[in-house]
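Visitor: File run25.txt follows (compact mmCIF, C-alpha atoms):
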```txt
# COMPACT_ATOMS: atom_id res chain seq x y z
CA MET A 1 -2.08 7.28 42.90
CA ALA A 2 -2.55 10.88 42.31
CA GLU A 3 -1.17 11.01 38.83
CA SER A 4 -2.35 9.05 35.87
CA ILE A 5 -1.45 8.66 32.24
CA HIS A 6 -3.87 8.69 29.36
CA LEU A 7 -3.97 5.37 27.54
CA GLU A 8 -5.27 4.92 24.04
CA VAL A 9 -5.41 1.69 22.13
CA VAL A 10 -6.32 2.15 18.48
CA THR A 11 -6.81 -0.59 15.89
CA PRO A 12 -7.88 -0.48 12.25
CA SER A 13 -11.38 -1.43 13.34
CA GLY A 14 -11.65 1.45 15.77
CA PRO A 15 -10.41 2.71 19.12
CA ILE A 16 -10.56 0.03 21.82
CA VAL A 17 -9.51 1.84 24.97
CA SER A 18 -9.36 5.52 25.84
CA ASP A 19 -8.92 5.98 29.54
CA ASP A 20 -6.79 7.55 32.29
CA VAL A 21 -4.86 4.78 33.96
CA ASP A 22 -2.18 4.39 36.63
CA ILE A 23 0.27 2.09 34.93
CA VAL A 24 0.62 0.38 31.58
CA SER A 25 2.74 -2.64 30.85
CA ALA A 26 3.24 -3.91 27.32
CA PRO A 27 5.34 -6.33 25.27
CA GLY A 28 7.93 -4.10 23.62
CA TYR A 29 10.76 -4.83 21.26
CA GLY A 30 13.26 -5.62 23.98
CA GLY A 31 10.85 -7.31 26.36
CA ASP A 32 8.00 -6.08 28.50
CA PHE A 33 8.14 -2.49 29.65
CA GLY A 34 6.09 -0.47 32.09
CA VAL A 35 4.99 3.14 31.72
CA LEU A 36 3.91 5.40 34.55
CA ALA A 37 2.64 8.96 34.51
CA ASN A 38 4.96 11.62 33.06
CA HIS A 39 7.15 9.16 31.23
CA ALA A 40 9.74 10.59 28.85
CA PRO A 41 8.82 10.57 25.14
CA PHE A 42 9.26 7.04 23.96
CA LEU A 43 8.61 5.03 20.86
CA SER A 44 8.76 1.29 20.55
CA THR A 45 7.50 -1.49 18.37
CA ILE A 46 5.05 -3.87 19.98
CA LYS A 47 5.13 -7.63 19.73
CA ILE A 48 2.27 -10.04 20.08
CA GLY A 49 1.47 -10.45 23.75
CA SER A 50 -0.57 -9.12 26.62
CA LEU A 51 -0.98 -5.50 27.50
CA VAL A 52 -1.80 -4.84 31.14
CA TYR A 53 -3.10 -1.59 32.55
CA LYS A 54 -4.10 -0.77 36.07
CA LYS A 55 -6.88 1.59 36.97
CA ASP A 56 -8.13 2.16 40.52
CA GLY A 57 -6.20 -0.87 41.70
CA LYS A 58 -7.88 -3.13 39.16
CA GLU A 59 -5.82 -4.85 36.49
CA ASN A 60 -7.12 -5.12 32.96
CA PHE A 61 -5.71 -7.37 30.29
CA LEU A 62 -5.71 -6.97 26.55
CA MET A 63 -4.30 -9.24 23.92
CA VAL A 64 -2.45 -7.14 21.35
CA SER A 65 -0.82 -8.13 18.10
CA GLY A 66 1.97 -6.36 16.29
CA GLY A 67 2.21 -2.61 16.00
CA PHE A 68 3.94 0.17 17.84
CA CYS A 69 3.40 2.53 20.71
CA GLU A 70 4.19 6.16 21.33
CA VAL A 71 4.50 7.96 24.64
CA SER A 72 4.45 11.75 24.68
CA ASN A 73 2.88 14.50 26.78
CA ASN A 74 1.70 12.07 29.43
CA LYS A 75 -0.21 10.11 26.85
CA ILE A 76 0.47 6.60 25.66
CA THR A 77 -0.90 5.52 22.32
CA PHE A 78 -0.85 1.98 21.02
CA LEU A 79 -1.34 1.43 17.32
CA VAL A 80 -1.81 -2.28 16.90
CA GLU A 81 -3.36 -4.49 14.30
CA SER A 82 -5.77 -5.99 16.76
CA ALA A 83 -6.59 -5.83 20.44
CA GLU A 84 -8.99 -8.00 22.39
CA SER A 85 -9.96 -7.92 26.01
CA GLY A 86 -10.12 -11.08 28.09
CA LYS A 87 -13.87 -11.43 27.92
CA GLU A 88 -13.95 -11.12 24.13
CA ILE A 89 -11.55 -13.96 23.57
CA ASP A 90 -12.93 -17.26 22.43
CA VAL A 91 -10.65 -19.70 24.24
CA ASP A 92 -11.80 -22.72 22.27
CA ARG A 93 -11.03 -20.98 19.05
CA ALA A 94 -7.61 -19.94 20.31
CA LEU A 95 -6.89 -23.53 21.38
CA ARG A 96 -7.92 -24.80 17.98
CA ALA A 97 -5.72 -22.18 16.32
CA LYS A 98 -2.84 -23.28 18.53
CA GLU A 99 -3.27 -26.90 17.53
CA ARG A 100 -3.47 -25.96 13.90
CA ALA A 101 -0.32 -23.88 14.16
CA GLU A 102 1.49 -26.69 15.98
CA LYS A 103 0.59 -29.10 13.25
CA ARG A 104 1.71 -26.71 10.57
CA LEU A 105 5.00 -26.07 12.31
CA ALA A 106 5.66 -29.79 12.48
CA GLU A 107 4.88 -30.16 8.80
CA ALA A 108 6.80 -27.10 7.75
CA LYS A 109 10.02 -28.55 9.02
CA THR A 110 9.84 -31.33 6.48
CA GLN A 111 8.75 -29.06 3.66
CA THR A 112 11.07 -26.23 4.66
CA GLU A 113 8.57 -23.63 3.63
CA LYS A 114 9.88 -20.53 5.24
CA ILE A 115 6.93 -18.28 4.65
CA ASN A 116 4.39 -20.71 5.96
CA MET A 117 6.56 -21.33 8.94
CA ALA A 118 6.71 -17.65 9.82
CA ARG A 119 2.98 -17.41 9.43
CA ALA A 120 2.34 -20.43 11.57
CA GLN A 121 4.67 -19.08 14.22
CA ALA A 122 2.83 -15.77 14.26
CA ALA A 123 -0.49 -17.60 14.49
CA MET A 124 0.90 -19.67 17.34
CA GLN A 125 2.05 -16.58 19.22
CA ARG A 126 -1.31 -14.95 18.79
CA ALA A 127 -3.11 -18.03 20.02
CA LEU A 128 -0.87 -18.34 23.05
CA ALA A 129 -1.25 -14.66 23.91
CA ARG A 130 -5.02 -14.98 23.64
CA ILE A 131 -5.07 -17.99 25.91
CA ARG A 132 -2.89 -16.26 28.48
CA VAL A 133 -5.02 -13.14 28.51
CA ALA A 134 -8.21 -15.15 28.73
CA GLU A 135 -6.82 -17.14 31.66
CA LYS A 136 -5.85 -14.00 33.53
CA HIS A 137 -9.22 -12.50 32.90
CA GLY A 138 -10.91 -15.60 34.29
CA LYS A 139 -9.12 -15.32 37.62
CA MET B 1 -50.03 2.90 -32.86
CA PRO B 2 -48.83 -0.03 -30.71
CA SER B 3 -51.47 -2.55 -29.82
CA LEU B 4 -53.01 -2.56 -26.35
CA LYS B 5 -51.41 -5.84 -25.48
CA ASP B 6 -47.89 -4.64 -26.40
CA VAL B 7 -48.17 -1.57 -24.22
CA LYS B 8 -49.52 -3.58 -21.34
CA MET B 9 -46.59 -5.97 -21.51
CA LYS B 10 -44.12 -3.16 -21.69
CA ILE B 11 -45.58 -1.52 -18.60
CA ALA B 12 -45.31 -4.79 -16.70
CA GLY B 13 -41.68 -5.15 -17.78
CA VAL B 14 -40.69 -1.65 -16.71
CA LYS B 15 -42.45 -2.17 -13.40
CA LYS B 16 -40.29 -5.22 -12.77
CA THR B 17 -37.15 -3.27 -13.60
CA ALA B 18 -38.21 -0.59 -11.16
CA GLN B 19 -38.64 -3.25 -8.50
CA ILE B 20 -35.09 -4.48 -9.04
CA THR B 21 -33.51 -1.04 -9.04
CA LYS B 22 -35.44 -0.16 -5.91
CA ALA B 23 -34.18 -3.29 -4.19
CA MET B 24 -30.61 -2.58 -5.28
CA ASN B 25 -30.92 0.91 -3.92
CA MET B 26 -32.00 -0.44 -0.56
CA VAL B 27 -29.28 -3.07 -0.44
CA SER B 28 -26.68 -0.45 -1.26
CA SER B 29 -27.91 1.92 1.39
CA ALA B 30 -27.66 -0.84 3.98
CA ARG B 31 -24.18 -1.79 2.79
CA LEU B 32 -23.15 1.84 2.68
CA ARG B 33 -23.87 2.16 6.35
CA GLY B 34 -21.56 -0.76 7.11
CA ALA B 35 -18.82 0.48 4.83
CA GLN B 36 -19.06 3.98 6.21
CA MET B 37 -18.79 2.70 9.76
CA LYS B 38 -15.73 0.68 8.87
CA MET B 39 -14.19 3.70 7.24
CA GLU B 40 -14.88 5.93 10.19
CA ALA B 41 -13.51 3.35 12.62
CA PHE B 42 -10.30 3.29 10.66
CA ARG B 43 -9.77 7.04 10.59
CA PRO B 44 -8.33 7.47 14.08
CA TYR B 45 -5.83 4.70 13.37
CA ALA B 46 -4.73 6.23 10.09
CA GLY B 47 -4.52 9.69 11.63
CA LYS B 48 -2.44 8.59 14.60
CA PHE B 49 -0.29 6.53 12.33
CA ASN B 50 0.58 9.45 10.11
CA GLU B 51 1.37 11.56 13.14
CA ALA B 52 3.78 8.99 14.52
CA LEU B 53 5.43 8.34 11.19
CA HIS B 54 5.96 12.03 10.63
CA SER B 55 7.43 12.60 14.03
CA ILE B 56 9.99 9.86 13.42
CA SER B 57 10.77 10.52 9.82
CA SER B 58 11.24 14.25 10.40
CA ASN B 59 14.75 13.74 11.69
CA MET B 60 15.89 11.08 9.33
CA LYS B 61 17.47 11.04 5.93
CA SER B 62 15.10 9.73 3.32
CA GLY B 63 17.70 7.89 1.27
CA ALA B 64 18.38 5.42 4.03
CA PHE B 65 15.29 3.29 3.43
CA ALA B 66 14.42 1.24 0.44
CA LEU B 67 10.84 2.50 0.42
CA MET B 68 11.87 6.14 0.58
CA GLN B 69 14.54 6.01 -2.05
CA GLU B 70 14.08 8.55 -4.79
CA ARG B 71 15.42 7.43 -8.11
CA GLU B 72 15.42 8.78 -11.60
CA VAL B 73 11.97 7.90 -12.85
CA LYS B 74 11.92 5.48 -15.75
CA THR B 75 8.99 3.28 -14.88
CA VAL B 76 5.83 4.56 -13.31
CA GLU B 77 3.42 2.20 -11.69
CA ILE B 78 -0.20 3.12 -11.17
CA LEU B 79 -2.18 1.33 -8.53
CA ILE B 80 -5.83 1.61 -9.46
CA VAL B 81 -8.52 0.75 -6.96
CA THR B 82 -12.04 0.33 -8.32
CA SER B 83 -15.02 -1.74 -7.33
CA ASP B 84 -15.70 -5.29 -8.45
CA ARG B 85 -19.25 -4.63 -9.55
CA GLY B 86 -20.80 -2.18 -11.90
CA LEU B 87 -24.20 -0.51 -11.99
CA CYS B 88 -22.96 2.35 -9.89
CA GLY B 89 -23.16 5.25 -12.29
CA SER B 90 -19.99 6.84 -13.57
CA PHE B 91 -18.02 6.00 -10.43
CA ASN B 92 -15.63 3.44 -11.93
CA ALA B 93 -15.55 5.18 -15.28
CA ASN B 94 -14.30 8.34 -13.61
CA ILE B 95 -11.48 6.51 -11.86
CA ILE B 96 -10.50 4.73 -15.05
CA LYS B 97 -10.58 7.95 -17.02
CA MET B 98 -8.28 9.59 -14.51
CA ALA B 99 -5.91 6.64 -14.58
CA GLU B 100 -5.83 6.71 -18.35
CA LYS B 101 -5.05 10.40 -18.37
CA LEU B 102 -2.17 9.91 -15.97
CA MET B 103 -0.97 6.98 -18.02
CA ASN B 104 -0.98 9.00 -21.22
CA LYS B 105 0.82 11.85 -19.52
CA TYR B 106 3.69 9.65 -18.41
CA GLU B 107 3.84 7.82 -21.68
CA ALA B 108 4.04 11.08 -23.58
CA ALA B 109 7.00 11.95 -21.37
CA GLY B 110 8.70 8.75 -22.50
CA LYS B 111 8.22 6.74 -19.33
CA LYS B 112 7.15 3.17 -19.10
CA VAL B 113 3.88 2.61 -17.32
CA THR B 114 2.77 -0.51 -15.53
CA LEU B 115 -0.54 -1.01 -13.80
CA VAL B 116 -1.76 -2.82 -10.76
CA CYS B 117 -5.50 -3.25 -10.77
CA VAL B 118 -7.54 -3.77 -7.65
CA GLY B 119 -11.15 -4.57 -8.39
CA LYS B 120 -12.64 -6.28 -11.41
CA LYS B 121 -13.72 -3.15 -13.19
CA SER B 122 -10.27 -1.66 -13.69
CA ASN B 123 -8.83 -5.02 -14.58
CA ARG B 124 -11.44 -5.62 -17.24
CA TYR B 125 -10.81 -2.24 -18.79
CA PHE B 126 -7.02 -2.33 -18.80
CA ARG B 127 -6.59 -6.03 -19.47
CA LYS B 128 -6.26 -5.52 -23.21
CA THR B 129 -3.55 -2.87 -22.93
CA GLY B 130 -1.09 -5.51 -21.74
CA LYS B 131 0.25 -3.15 -19.12
CA VAL B 132 -1.32 -4.81 -16.12
CA ARG B 133 1.49 -6.21 -14.02
CA GLU B 134 -0.68 -7.61 -11.26
CA LYS B 135 -4.37 -7.79 -10.50
CA PHE B 136 -6.36 -8.31 -7.35
CA VAL B 137 -9.99 -9.03 -8.06
CA ASP B 138 -12.98 -10.24 -6.09
CA ILE B 139 -11.75 -8.84 -2.82
CA MET B 140 -13.84 -5.71 -2.54
CA GLY B 141 -16.87 -7.53 -1.19
CA ASN B 142 -15.62 -8.12 2.30
CA PHE B 143 -12.05 -7.03 2.53
CA GLN B 144 -9.79 -7.32 5.48
CA MET B 145 -6.50 -5.78 6.43
CA PHE B 146 -4.61 -8.79 5.12
CA ASN B 147 -5.91 -8.18 1.59
CA ALA B 148 -4.47 -4.71 1.75
CA ARG B 149 -1.24 -6.12 3.10
CA ALA B 150 -0.88 -8.54 0.20
CA ILE B 151 -1.33 -5.70 -2.28
CA ALA B 152 0.98 -3.32 -0.47
CA GLN B 153 3.66 -5.97 -0.13
CA ASP B 154 3.52 -6.82 -3.78
CA VAL B 155 3.79 -3.22 -4.90
CA ALA B 156 6.53 -2.44 -2.39
CA ALA B 157 8.56 -5.51 -3.34
CA ASN B 158 8.36 -4.54 -6.99
CA PHE B 159 9.45 -1.03 -6.13
CA ILE B 160 12.42 -2.24 -4.10
CA ALA B 161 13.44 -4.65 -6.80
CA GLY B 162 13.55 -1.75 -9.24
CA GLY B 163 10.46 -2.81 -11.21
CA SER B 164 9.08 0.68 -10.72
CA ASP B 165 10.62 3.98 -9.69
CA GLU B 166 7.47 5.78 -8.70
CA VAL B 167 4.06 4.52 -7.71
CA HIS B 168 0.82 6.44 -7.81
CA LEU B 169 -2.40 5.42 -6.19
CA ILE B 170 -5.74 6.20 -7.80
CA TYR B 171 -8.99 5.49 -6.03
CA GLY B 172 -12.48 6.87 -5.57
CA SER B 173 -12.45 9.00 -2.49
CA PHE B 174 -15.58 9.30 -0.43
CA ILE B 175 -16.52 12.92 0.15
CA SER B 176 -20.15 12.51 1.01
CA VAL B 177 -23.01 10.22 0.15
CA ALA B 178 -23.79 12.44 -2.83
CA ARG B 179 -20.21 13.06 -3.93
CA GLN B 180 -17.40 10.71 -4.79
CA LEU B 181 -14.36 11.88 -6.66
CA PRO B 182 -11.43 10.01 -8.13
CA LYS B 183 -8.23 10.93 -6.38
CA THR B 184 -4.56 10.52 -7.23
CA MET B 185 -1.95 10.19 -4.54
CA PRO B 186 1.79 9.63 -4.66
CA PHE B 187 2.34 6.26 -3.03
CA LEU B 188 6.01 5.38 -3.30
CA PRO B 189 8.65 6.50 -2.56
CA VAL B 190 7.31 7.60 0.81
CA LYS B 191 8.09 11.27 1.19
CA SER B 192 9.55 12.46 4.44
CA VAL B 193 7.88 15.30 6.27
CA GLU B 194 10.27 18.04 5.26
CA ALA B 195 9.50 17.42 1.65
CA GLU B 196 5.77 17.45 2.28
CA ASP B 197 5.16 20.43 4.47
CA ALA B 198 8.34 22.41 4.51
CA GLY B 199 7.66 25.75 6.11
CA LYS B 200 5.61 24.39 8.94
CA THR B 201 7.67 24.42 12.09
CA GLU B 202 5.77 21.91 14.12
CA THR B 203 8.46 19.32 14.76
CA LYS B 204 7.35 18.40 18.24
CA GLN B 205 10.43 17.57 20.28
CA ALA B 206 11.11 14.77 17.85
CA GLY B 207 14.76 14.51 18.74
CA ASP B 208 14.06 13.79 22.39
CA TYR B 209 12.33 10.48 21.86
CA ILE B 210 13.72 7.31 23.31
CA TYR B 211 13.57 4.77 20.54
CA GLU B 212 13.40 1.09 21.07
CA PRO B 213 14.82 -0.40 18.87
CA SER B 214 16.78 2.25 16.95
CA PRO B 215 14.83 4.76 14.84
CA GLU B 216 16.12 3.08 11.71
CA GLU B 217 14.77 -0.29 12.78
CA ILE B 218 11.46 1.23 13.74
CA MET B 219 11.23 2.81 10.32
CA ASP B 220 11.85 -0.57 8.76
CA VAL B 221 8.72 -1.77 10.49
CA LEU B 222 6.71 1.41 10.06
CA LEU B 223 7.19 2.00 6.36
CA PRO B 224 5.66 -1.27 5.18
CA LEU B 225 2.85 -0.73 7.68
CA TYR B 226 2.36 2.73 6.26
CA THR B 227 1.86 1.32 2.77
CA ASN B 228 -0.70 -1.12 4.21
CA VAL B 229 -2.55 1.72 5.81
CA MET B 230 -2.64 3.69 2.56
CA VAL B 231 -3.95 0.75 0.54
CA TYR B 232 -6.46 -0.26 3.17
CA ASN B 233 -7.71 3.30 3.41
CA ALA B 234 -8.13 3.47 -0.36
CA MET B 235 -10.05 0.20 -0.34
CA LEU B 236 -12.33 1.35 2.44
CA GLU B 237 -13.07 4.58 0.65
CA VAL B 238 -13.76 2.82 -2.63
CA GLY B 239 -16.04 0.42 -0.78
CA ALA B 240 -18.09 3.22 0.70
CA SER B 241 -18.05 5.29 -2.50
CA GLU B 242 -19.19 2.35 -4.56
CA HIS B 243 -22.30 1.85 -2.48
CA ALA B 244 -23.03 5.56 -2.30
CA ALA B 245 -22.67 5.83 -6.08
CA ARG B 246 -24.87 2.82 -6.64
CA MET B 247 -27.50 4.23 -4.32
CA THR B 248 -27.69 7.42 -6.34
CA ALA B 249 -27.59 5.57 -9.65
CA MET B 250 -30.34 3.18 -8.62
CA ASP B 251 -32.45 5.97 -7.23
CA ASN B 252 -32.21 7.74 -10.59
CA ALA B 253 -33.03 4.51 -12.39
CA THR B 254 -36.11 3.99 -10.24
CA LYS B 255 -37.25 7.54 -10.99
CA ALA B 256 -36.68 7.01 -14.70
CA CYS B 257 -38.74 3.83 -14.54
CA LYS B 258 -41.59 5.70 -12.93
CA ASP B 259 -41.48 8.32 -15.70
CA ILE B 260 -41.58 5.66 -18.36
CA ILE B 261 -44.47 3.92 -16.64
CA SER B 262 -46.53 7.10 -16.52
CA ASN B 263 -45.81 7.81 -20.19
CA LEU B 264 -46.70 4.29 -21.19
CA THR B 265 -49.89 4.39 -19.15
CA MET B 266 -50.88 7.51 -21.06
CA VAL B 267 -50.23 5.75 -24.36
CA TYR B 268 -52.17 2.75 -23.13
CA ASN B 269 -55.15 4.83 -22.10
CA LYS B 270 -55.16 6.72 -25.39
CA ALA B 271 -55.03 3.48 -27.33
CA ARG B 272 -57.85 2.04 -25.23
CA GLN B 273 -59.98 5.12 -25.71
CA SER B 274 -59.51 5.22 -29.44
CA ALA B 275 -60.40 1.54 -29.61
CA ILE B 276 -63.61 2.21 -27.68
CA THR B 277 -64.41 5.19 -29.89
CA GLY B 278 -63.86 3.05 -32.96
CA GLU B 279 -66.17 0.37 -31.64
CA LEU B 280 -68.88 2.88 -30.78
CA MET B 281 -68.66 4.36 -34.26
CA ASP B 282 -69.16 0.89 -35.67
CA ILE B 283 -72.20 0.22 -33.52
CA VAL B 284 -73.76 3.59 -34.23
CA GLY B 285 -73.03 3.23 -37.93
CA GLY B 286 -74.59 -0.26 -37.95
CA ALA B 287 -77.73 0.96 -36.15
CA GLU B 288 -78.12 3.86 -38.58
CA ALA B 289 -77.84 1.50 -41.50
CA LEU B 290 -80.55 -0.78 -40.07
CA LYS B 291 -82.90 2.15 -39.52
CA GLY B 292 -82.45 3.43 -43.03
```
Give the structure from the file, written as structure tokens.
Guide:
Amino acid sequence: MAESIHLEVVTPSGPIVSDDVDIVSAPGYGGDFGVLANHAPFLSTIKIGSLVYKKDGKENFLMVSGGFCEVSNNKITFLVESAESGKEIDVDRALRAKERAEKRLAEAKTQTEKINMARAQAAMQRALARIRVAEKHGK
Amino acid sequence: MPSLKDVKMKIAGVKKTAQITKAMNMVSSARLRGAQMKMEAFRPYAGKFNEALHSISSNMKSGAFALMQEREVKTVEILIVTSDRGLCGSFNANIIKMAEKLMNKYEAAGKKVTLVCVGKKSNRYFRKTGKVREKFVDIMGNFQMFNARAIAQDVAANFIAGGSDEVHLIYGSFISVARQLPKTMPFLPVKSVEAEDAGKTETKQAGDYIYEPSPEEIMDVLLPLYTNVMVYNAMLEVGASEHAARMTAMDNATKACKDIISNLTMVYNKARQSAITGELMDIVGGAEALKG
């Protein structure tokens, strides 16, 4: 593990991570992708999901919500609307949010409210991603 | 000559005012710290965002996207961001004045002007003109990204639908605690980099990027996000400027109160002295009369 890539995760409420890491894996537009040192310039949108980076053999998990990421000059920058590490996540709250979203999705089908449905789906995805990240962190 | 009692009451009243302005000053300075921190936390995001957008848009035609489309300008929309509350000096008045100037300029050129007001103060001022297309009030207190998104989406949708051909953004930019200036910025259509800084040859290997999905699809996601970022940034700056302006205004008010108090105390003392002198004269006069 001689070479590393510089990872930066920036959100509207400030930078979250700025570190040299070995590998980064993130939920991209066409599915999860991994980035190692000296990757070719790359630009992708980011979906809601978990971002994993490895440093000194230790895996770290972050829950990220929509945004995009840029790789250039051995530097990977994530610009996302929010990012939370496993220990920051309130699992109970995420579970509640999931239930709420489930209920809304069930109701939305009868009301056929497209906008609310999309919002509930996004909320659901966020909740699920949070729960997953929190679980991994707990292990 | 006002009576002793009147002056005394007036002094007490001014003292109370000074207490309030002092408290407001302190509240604002505490809030300013929070707003400033929020603003500073956002800067790296905004900076990186612009970088990325520029590197993508530099090799793309601007006409391809609804938000970058340049049309013949018939309707100009002005997005005005002010605070919800007053008592912050000439801060809001300056923004409104600038907006009005811009409005008059476009109207003189025969264009139609519509307004979108963010913050109570601008809405209250422009309400009567009948040009306000949309207003967003009572959100400056504790705003979040989604407030900005709602505003940006509304303005962008109107632009795409042809309701406006050009959008300008006016807000109070935060320069320092002692200085806040109103600022105008072109908002829509989003200009591509070549148009902005032609001459600079800094296109950093933009063509070599691997895009996922296609650059066009990425732009479809990025452009609306970009408008969010602009609006959110404006709101953050107005938030910080408002508190900074109020701090200065309230500090001045407190000083003015102190001046008034010292003047009134002088008047009070003079009145008291002359009353004592008058009484003494009476006593002395009475004693003289008895002697004689």
Visitor: Could you give me, as a JSON list (two decimals) with C-alpha atoms, in the coordinates of the input, the residues within 10 Å of Ile260 of chain B, counting all atoms listed in the file and dropping anything in the same chain fewer than 3 positions from it?
Guide:
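Output file selection-v7.json follows:
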```
[["chain", "number", "residue", "atom", "x", "y", "z"],
["B", 10, "LYS", "CA", -44.12, -3.16, -21.69],
["B", 11, "ILE", "CA", -45.58, -1.52, -18.60],
["B", 14, "VAL", "CA", -40.69, -1.65, -16.71],
["B", 15, "LYS", "CA", -42.45, -2.17, -13.40],
["B", 254, "THR", "CA", -36.11, 3.99, -10.24],
["B", 255, "LYS", "CA", -37.25, 7.54, -10.99],
["B", 256, "ALA", "CA", -36.68, 7.01, -14.70],
["B", 257, "CYS", "CA", -38.74, 3.83, -14.54],
["B", 263, "ASN", "CA", -45.81, 7.81, -20.19],
["B", 264, "LEU", "CA", -46.70, 4.29, -21.19],
["B", 265, "THR", "CA", -49.89, 4.39, -19.15],
["B", 266, "MET", "CA", -50.88, 7.51, -21.06]]
```
Visitor: Neighbours of segment 272-279 of chain B within 9 Å (all atoms listed in the file; same-chain residues fewer than 5 positions away dropped), as a list of chain:residue names?
Guide: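 Skipping anything fewer than 5 positions along the chain leaves B:Leu4, B:Val267, B:Val284.
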Visitor: Skip segment 28-33 of chain A itself and residues of its chain fewer than 5 positions away, then list as a PyMOL selection string all residues within 9 Å of it, counting only C-alpha atoms.
Guide: (chain A and resi 44-48+68-69) or (chain B and resi 212-213)
Visitor: Go ahead and compute the interatomic distance for atom CA of Asp20 of chain A and atom CA of Lys55 of chain A, in Å to one decimal.
Guide: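 Between atom CA of Asp20 of chain A and atom CA of Lys55 of chain A the gap works out to 7.6 Å.
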Visitor: Looking at all atoms listed in the file, which of B:Leu236, B:Ala287, B:Ala108, B:Ala271 is the one that sits closest to chain A?
Guide: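 Of all the options, B:Leu236 lies closest to chain A.
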Visitor: Point out the residue among A:Val71, A:Ala94, A:Ile23, A:Leu62 with the least atom-to-atom distance to Pro41 of chain A, counting all atoms listed in the file.
Guide: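 Ranking A:Val71, A:Ala94, A:Ile23, A:Leu62 by distance to Pro41 of chain A, first place goes to A:Val71.
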Visitor: Hey, can you check how far atom CA of Leu105 of chain A sits from atom CA of Arg93 of chain A?
Guide: 18.1 Å
Visitor: Taking 3 positions as the minimum chain separation for residues in the same chain, which residues sit within 6 Å of segment 128-145 of chain B when counting all atoms listed in the file? Answer as a count of residues only.
Guide: 8
Visitor: Near chain A, which residues of chain B fall within 7 Å when you count only C-alpha atoms, and what do they look like as number ranges by chain?
Guide: B: 38, 41-42, 45, 208-213, 218
Visitor: Would you work out the distance separating atom CA of Ala83 of chain A from atom CA of Asp154 of chain B, expressed in Å to one decimal?
Guide: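 Atom CA of Asp154 of chain B lies 26.3 Å from atom CA of Ala83 of chain A.
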Visitor: Pick from A:Glu84, A:Glu102, A:Asp19, A:Asp56: nearest to Met124 of chain A, with only C-alpha atoms counted?
Guide: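 Smallest distance to Met124 of chain A is found for A:Glu102.
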Visitor: Could you tell me, as number ranges by chain, which residues have any atom at most 8 Å from (3.9, 4.9, 32.4), counting all atoms listed in the file?
Guide: A: 5, 22-25, 34-39, 76
Visitor: Which of these residues is nearest to Val167 of chain B, using only C-alpha atoms: B:Ala35, B:Met98, B:Met68, B:Leu222?
Guide: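 Ranked by minimum distance to Val167 of chain B, first place goes to B:Met68.
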Visitor: For a quick check of understanding, using only C-alpha atoms, which of B:Lys191, B:Glu242, B:Ser55, B:Ile160 has the smallest distance to Lys121 of chain B?
Guide: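 Of B:Lys191, B:Glu242, B:Ser55, B:Ile160, the one nearest Lys121 of chain B is B:Glu242, counting only C-alpha atoms.
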Visitor: Can you tell me, as JSON, numbers by chain, what residues are no more than 9 Å from segment 226-234 of chain B when counting only C-alpha atoms, ignoring any on the same chain fewer than 4 positions away?
Guide: {"A": [12], "B": [39, 42, 43, 45, 46, 49, 50, 53, 81, 143, 144, 145, 146, 147, 148, 149, 150, 151, 152, 153, 156, 169, 170, 171, 172, 173, 187, 188, 190, 221, 222, 238, 239]}
Visitor: Is it possible to get the residues within 12 Å of (-16.4, 6.1, -4.2) (coordinates as in the file, counting all atoms listed in the file) written as a PyMOL selection string?
Guide: chain B and resi 32+35-36+39+81-83+88-95+170-183+233-248
Visitor: Which residue, A:Glu88, A:Ile131, A:Val21, A:Lys54, has the smallest gap to Lys75 of chain A when you use only C-alpha atoms?
Guide: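 Ranked by minimum distance to Lys75 of chain A, first place goes to A:Val21.
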